[in-house]
$ cat query-v1.tsv   # TSV, C-alpha atoms
chain	number	residue	atom	x	y	z
G	1	MET	CA	-29.47	-14.99	-21.46
G	2	SER	CA	-29.98	-17.55	-24.20
G	3	GLN	CA	-27.42	-16.51	-26.82
G	4	ASN	CA	-23.74	-17.41	-26.79
G	5	ILE	CA	-21.52	-14.43	-27.40
G	6	PRO	CA	-17.76	-14.23	-27.84
G	7	ILE	CA	-15.86	-13.46	-24.67
G	8	TYR	CA	-14.76	-9.82	-24.34
G	9	ILE	CA	-11.39	-9.00	-22.79
G	10	PRO	CA	-10.59	-5.27	-22.84
G	11	THR	CA	-7.14	-4.49	-24.19
G	12	TYR	CA	-5.31	-1.20	-24.27
G	13	ILE	CA	-2.92	-0.46	-27.11
G	14	ASN	CA	0.13	1.75	-26.87
G	15	ASN	CA	0.95	2.66	-30.47
G	16	GLN	CA	0.28	1.91	-34.15
G	17	GLU	CA	1.97	-1.50	-33.87
G	18	TYR	CA	-0.66	-2.50	-31.25
G	19	SER	CA	1.87	-3.16	-28.54
G	20	PRO	CA	0.16	-3.47	-25.17
G	21	ALA	CA	0.03	-0.46	-22.90
G	22	ARG	CA	0.85	-0.46	-19.21
G	23	VAL	CA	-2.43	0.35	-17.49
G	24	LEU	CA	-2.68	1.41	-13.86
G	25	PRO	CA	-5.57	0.15	-11.71
G	26	ARG	CA	-8.98	1.15	-13.00
G	27	LEU	CA	-12.55	1.16	-11.73
G	28	PHE	CA	-15.22	-0.92	-13.45
G	29	PHE	CA	-18.81	-1.92	-12.81
G	30	TYR	CA	-19.29	-5.63	-12.18
G	31	ASN	CA	-22.31	-6.61	-14.28
G	32	GLY	CA	-22.60	-10.27	-13.34
G	33	LEU	CA	-21.82	-13.44	-15.27
G	34	ILE	CA	-22.52	-13.53	-19.01
G	35	ASP	CA	-22.99	-16.66	-21.13
G	36	CYS	CA	-20.34	-16.99	-23.82
G	37	GLN	CA	-18.72	-19.44	-26.18
G	38	PRO	CA	-16.98	-22.23	-24.26
G	39	TYR	CA	-13.36	-21.62	-23.27
G	40	TYR	CA	-10.89	-23.59	-21.20
G	41	ILE	CA	-8.93	-22.79	-18.05
G	42	GLU	CA	-5.92	-24.93	-17.36
G	43	SER	CA	-4.24	-25.21	-13.97
G	44	GLY	CA	-0.75	-26.45	-13.29
G	45	SER	CA	2.68	-25.35	-14.43
G	46	LEU	CA	5.45	-26.44	-16.76
G	47	THR	CA	6.62	-29.09	-14.32
G	48	THR	CA	3.31	-30.37	-12.91
G	49	SER	CA	0.21	-31.43	-14.75
G	50	GLY	CA	-3.04	-29.73	-13.96
G	51	VAL	CA	-6.73	-29.92	-14.62
G	52	THR	CA	-8.52	-28.39	-17.59
G	53	VAL	CA	-11.92	-26.92	-16.85
G	54	GLN	CA	-14.41	-25.79	-19.49
G	55	GLN	CA	-16.21	-22.52	-18.76
G	56	SER	CA	-19.24	-21.11	-20.55
G	57	VAL	CA	-19.69	-17.87	-18.56
G	58	PHE	CA	-17.37	-14.96	-17.82
G	59	PRO	CA	-17.51	-12.06	-15.38
G	60	TYR	CA	-18.60	-8.95	-17.27
G	61	PHE	CA	-16.73	-5.84	-16.12
G	62	ASP	CA	-17.31	-2.63	-18.05
G	63	ASN	CA	-17.15	1.16	-17.83
G	64	TYR	CA	-20.96	1.13	-17.94
G	65	ASN	CA	-23.38	-0.36	-15.46
G	66	VAL	CA	-26.37	-2.47	-16.38
G	67	VAL	CA	-29.75	-0.82	-15.82
G	68	SER	CA	-31.93	-3.68	-16.99
G	69	GLY	CA	-31.13	-6.90	-18.80
G	70	SER	CA	-27.49	-7.78	-19.17
G	71	PHE	CA	-26.03	-5.06	-21.42
G	72	PRO	CA	-25.67	-1.27	-21.12
G	73	THR	CA	-28.46	0.93	-22.46
G	74	VAL	CA	-28.67	4.68	-23.09
G	75	ASP	CA	-29.80	5.09	-19.44
G	76	SER	CA	-26.77	3.32	-17.94
G	77	LYS	CA	-24.30	5.11	-15.69
G	78	SER	CA	-20.79	5.65	-17.01
G	79	LEU	CA	-17.37	5.89	-15.36
G	80	LEU	CA	-15.88	7.75	-18.34
G	81	PHE	CA	-15.54	11.46	-18.95
G	82	ASN	CA	-16.32	10.93	-22.63
G	83	ASN	CA	-18.18	7.74	-23.54
G	84	GLU	CA	-16.57	5.25	-25.89
G	85	ASN	CA	-18.21	2.52	-27.94
G	86	ALA	CA	-19.59	-0.16	-25.66
G	87	ALA	CA	-18.38	-3.73	-26.15
G	88	TYR	CA	-21.98	-4.89	-25.83
G	89	GLY	CA	-25.24	-2.99	-25.90
G	90	GLN	CA	-25.71	0.72	-26.53
G	91	ILE	CA	-23.56	3.72	-25.66
G	92	PRO	CA	-24.99	5.60	-22.65
G	93	THR	CA	-25.88	9.26	-23.19
G	94	GLU	CA	-24.64	10.44	-19.79
G	95	ASN	CA	-21.02	10.39	-18.60
G	96	LEU	CA	-19.05	11.78	-15.67
G	97	TYR	CA	-18.60	15.14	-17.39
G	98	SER	CA	-22.27	15.66	-18.18
G	99	GLU	CA	-23.34	14.33	-14.76
G	100	TYR	CA	-21.00	16.28	-12.49
G	101	TRP	CA	-18.84	18.81	-14.35
G	102	SER	CA	-20.71	20.40	-17.28
G	103	THR	CA	-22.57	22.97	-15.16
G	104	TYR	CA	-19.39	24.00	-13.34
G	105	ILE	CA	-17.30	24.23	-16.53
G	106	SER	CA	-20.00	26.27	-18.28
G	107	LEU	CA	-20.02	28.59	-15.26
G	108	LEU	CA	-16.23	28.96	-15.38
G	109	TYR	CA	-16.20	29.96	-19.06
G	110	ASN	CA	-19.34	32.11	-18.99
G	111	PRO	CA	-18.36	35.71	-19.94
G	112	TYR	CA	-20.44	37.03	-17.01
G	113	THR	CA	-18.69	34.91	-14.40
G	114	ARG	CA	-16.32	36.65	-12.04
G	115	LEU	CA	-13.71	35.28	-9.67
G	116	LEU	CA	-13.54	37.47	-6.58
G	117	ASN	CA	-10.54	37.42	-4.26
G	118	CYS	CA	-11.42	39.03	-0.94
G	119	LYS	CA	-10.46	39.02	2.70
G	120	GLY	CA	-12.82	38.15	5.50
G	121	ILE	CA	-13.19	37.13	9.10
G	122	ILE	CA	-14.83	33.75	9.67
G	123	PRO	CA	-15.40	32.54	13.24
G	124	LEU	CA	-13.85	29.15	13.95
G	125	ALA	CA	-17.26	27.57	14.64
G	126	ASP	CA	-18.43	28.59	11.14
G	127	TYR	CA	-15.09	27.69	9.49
G	128	VAL	CA	-15.35	24.10	10.73
G	129	LYS	CA	-18.84	23.72	9.19
G	130	ILE	CA	-18.08	25.35	5.80
G	131	GLN	CA	-17.94	23.10	2.74
G	132	LEU	CA	-16.62	24.07	-0.67
G	133	ASN	CA	-19.97	23.45	-2.34
G	134	ASP	CA	-21.65	26.08	-0.13
G	135	VAL	CA	-23.29	29.16	-1.60
G	136	VAL	CA	-22.45	32.39	0.23
G	137	ASN	CA	-24.04	35.82	0.24
G	138	PHE	CA	-21.53	38.64	-0.35
G	139	ARG	CA	-22.78	42.23	-0.70
G	140	GLY	CA	-26.28	41.13	-1.66
G	141	ASN	CA	-25.17	38.61	-4.33
G	142	TYR	CA	-24.81	34.84	-4.11
G	143	TYR	CA	-21.52	33.16	-5.00
G	144	HIS	CA	-20.01	29.69	-4.97
G	145	LEU	CA	-17.27	29.34	-2.38
G	146	ARG	CA	-14.16	28.31	-4.29
G	147	ALA	CA	-11.37	28.48	-1.68
G	148	ILE	CA	-10.46	29.64	1.80
G	149	ASN	CA	-6.71	30.24	2.19
G	150	ASN	CA	-4.40	31.49	4.96
G	151	TYR	CA	-6.94	30.97	7.72
G	152	SER	CA	-5.79	32.25	11.12
G	153	LEU	CA	-7.06	30.18	14.05
G	154	LYS	CA	-6.44	33.12	16.42
G	155	THR	CA	-8.27	35.92	14.61
G	156	GLY	CA	-10.36	34.17	11.92
G	157	ASP	CA	-8.77	36.30	9.16
G	158	CYS	CA	-8.57	34.54	5.80
G	159	ASP	CA	-8.39	34.99	2.04
G	160	ILE	CA	-11.57	33.89	0.27
G	161	GLN	CA	-12.17	33.09	-3.39
G	162	LEU	CA	-15.75	33.40	-4.65
G	163	LEU	CA	-17.06	32.36	-8.05
G	164	GLY	CA	-20.22	33.93	-9.35
G	165	PRO	CA	-22.88	34.69	-10.21
G	166	ILE	CA	-24.26	31.41	-8.96
G	167	ILE	CA	-25.64	28.69	-11.17
G	168	SER	CA	-29.35	29.28	-11.66
G	169	ASP	CA	-30.47	26.06	-9.91
G	170	ALA	CA	-28.04	26.27	-6.96
G	171	LEU	CA	-30.60	27.73	-4.55
G	172	THR	CA	-33.46	25.36	-5.39
G	173	PRO	CA	-33.86	22.59	-2.78
$ encode --input "query-v1.tsv" --output "structure tokens"
Amino acid sequence: MSQNIPIYIPTYINNQEYSPARVLPRLFFYNGLIDCQPYYIESGSLTTSGVTVQQSVFPYFDNYNVVSGSFPTVDSKSLLFNNENAAYGQIPTENLYSEYWSTYISLLYNPYTRLLNCKGIIPLADYVKIQLNDVVNFRGNYYHLRAINNYSLKTGDCDIQLLGPIISDALTP
């Protein structure tokens, strides 16, 4: 990259007085080294002298990954549930909600969706293989398996929660 840009250090504010917020560990994409305006790193302490080193690149960590070039585009992946303004580049159109949760949430709040609580007997061999993203057939209709509770290892009796009708593209390979 040929242009020098100001270094970007993300900060999180706590209130209207801009006091810093305590932030727990977070996940970021590492997008490589970016050229920036020169800055200095000084080693040493108050009692010993150190060495001052000039740097002209910084590691670019962001909530968005880089698809091509060195800044996020509208096609970049996002680690946020609702995208914020990007420090550099464009704001991606997709986020975690639209990628993974929007179909499920729209199913949950669809007026035709029903949550069925039923009892069943599942053999242990089948119970071990079941995953919660499986689609099951119950009385001729397909449902998403939501939960299996109170499973008995002796008899296979359990309480099952089913969510349906299924999402229209759930059965397509």
$ closest_residue --input "query-v1.tsv" --among "G:Ile130, G:Cys158, G:Leu27, G:Leu108" --to "Leu79 of chain G" --atoms "all atoms listed in the file"
G:Leu27
$ residues_around --input "query-v1.tsv" --residues "Pro38 of chain G" --least-positions-apart "5" --cutoff "7 Å" --atoms "all atoms listed in the file" --output "ChimeraX atom specification"
/G:54-56
$ closest_residue --input "query-v1.tsv" --among "G:Ser70, G:Ser102, G:Asn63, G:Ser19" --to "Glu84 of chain G" --atoms "only C-alpha atoms"
G:Asn63
$ atom_distance --input "query-v1.tsv" --atom1 "atom CA of Arg22 of chain G" --atom2 "atom CA of Pro59 of chain G"
22.1 Å
$ closest_residue --input "query-v1.tsv" --among "G:Asn95, G:Asn117, G:Thr103, G:Thr47" --to "Leu163 of chain G" --atoms "only C-alpha atoms"
G:Asn117
$ closest_residue --input "query-v1.tsv" --among "G:Thr155, G:Asn149, G:Ser43, G:Ser98" --to "Phe81 of chain G" --atoms "all atoms listed in the file"
G:Ser98
$ residues_around --input "query-v1.tsv" --residues "Phe71 of chain G" --least-positions-apart "3" --cutoff "7 Å" --atoms "only C-alpha atoms" --output "PyMOL selection string"
chain G and resi 66+88-89
$ atom_distance --input "query-v1.tsv" --atom1 "atom CA of Tyr64 of chain G" --atom2 "atom CA of Ser76 of chain G"
6.2 Å
$ build_atoms --input "query-v1.tsv" --residues "segment 123-148 of chain G" --atoms "N, CA and C atoms" --output "tab-separated table (two decimals), keeping the file's coordinate frame"
chain	number	residue	atom	x	y	z
G	123	PRO	N	-15.58	33.17	11.92
G	123	PRO	CA	-15.40	32.54	13.24
G	123	PRO	C	-15.08	31.05	13.09
G	124	LEU	N	-14.29	30.54	14.02
G	124	LEU	CA	-13.85	29.15	13.95
G	124	LEU	C	-15.03	28.18	13.90
G	125	ALA	N	-16.09	28.45	14.64
G	125	ALA	CA	-17.26	27.57	14.64
G	125	ALA	C	-17.88	27.48	13.24
G	126	ASP	N	-17.90	28.60	12.50
G	126	ASP	CA	-18.43	28.59	11.14
G	126	ASP	C	-17.43	27.97	10.17
G	127	TYR	N	-16.14	28.21	10.38
G	127	TYR	CA	-15.09	27.69	9.49
G	127	TYR	C	-15.10	26.16	9.48
G	128	VAL	N	-15.34	25.56	10.63
G	128	VAL	CA	-15.35	24.10	10.73
G	128	VAL	C	-16.52	23.51	9.95
G	129	LYS	N	-17.63	24.23	9.86
G	129	LYS	CA	-18.84	23.72	9.19
G	129	LYS	C	-18.87	24.03	7.69
G	130	ILE	N	-18.03	24.94	7.21
G	130	ILE	CA	-18.08	25.35	5.80
G	130	ILE	C	-17.61	24.22	4.90
G	131	GLN	N	-18.34	24.04	3.78
G	131	GLN	CA	-17.94	23.10	2.74
G	131	GLN	C	-17.75	23.87	1.44
G	132	LEU	N	-16.93	23.34	0.56
G	132	LEU	CA	-16.62	24.07	-0.67
G	132	LEU	C	-17.76	24.09	-1.68
G	133	ASN	N	-18.82	23.36	-1.43
G	133	ASN	CA	-19.97	23.45	-2.34
G	133	ASN	C	-21.04	24.39	-1.77
G	134	ASP	N	-20.70	25.14	-0.72
G	134	ASP	CA	-21.65	26.08	-0.13
G	134	ASP	C	-21.82	27.31	-1.02
G	135	VAL	N	-23.00	27.89	-0.93
G	135	VAL	CA	-23.29	29.16	-1.60
G	135	VAL	C	-23.30	30.23	-0.52
G	136	VAL	N	-22.56	31.32	-0.77
G	136	VAL	CA	-22.45	32.39	0.23
G	136	VAL	C	-23.03	33.67	-0.32
G	137	ASN	N	-23.50	34.52	0.60
G	137	ASN	CA	-24.04	35.82	0.24
G	137	ASN	C	-22.96	36.86	0.53
G	138	PHE	N	-22.55	37.60	-0.50
G	138	PHE	CA	-21.53	38.64	-0.35
G	138	PHE	C	-22.05	39.91	-1.02
G	139	ARG	N	-22.29	40.94	-0.22
G	139	ARG	CA	-22.78	42.23	-0.70
G	139	ARG	C	-24.06	42.09	-1.51
G	140	GLY	N	-24.97	41.27	-1.03
G	140	GLY	CA	-26.28	41.13	-1.66
G	140	GLY	C	-26.34	40.19	-2.85
G	141	ASN	N	-25.21	39.57	-3.22
G	141	ASN	CA	-25.17	38.61	-4.33
G	141	ASN	C	-24.74	37.25	-3.81
G	142	TYR	N	-25.17	36.20	-4.50
G	142	TYR	CA	-24.81	34.84	-4.11
G	142	TYR	C	-23.67	34.34	-4.97
G	143	TYR	N	-22.70	33.67	-4.33
G	143	TYR	CA	-21.52	33.16	-5.00
G	143	TYR	C	-21.23	31.75	-4.52
G	144	HIS	N	-20.52	30.99	-5.37
G	144	HIS	CA	-20.01	29.69	-4.97
G	144	HIS	C	-18.69	29.92	-4.24
G	145	LEU	N	-18.51	29.25	-3.12
G	145	LEU	CA	-17.27	29.34	-2.38
G	145	LEU	C	-16.24	28.46	-3.08
G	146	ARG	N	-15.16	29.05	-3.54
G	146	ARG	CA	-14.16	28.31	-4.29
G	146	ARG	C	-12.98	27.89	-3.42
G	147	ALA	N	-12.52	28.80	-2.52
G	147	ALA	CA	-11.37	28.48	-1.68
G	147	ALA	C	-11.33	29.39	-0.47
G	148	ILE	N	-10.79	28.85	0.61
G	148	ILE	CA	-10.46	29.64	1.80
G	148	ILE	C	-8.99	29.36	2.08
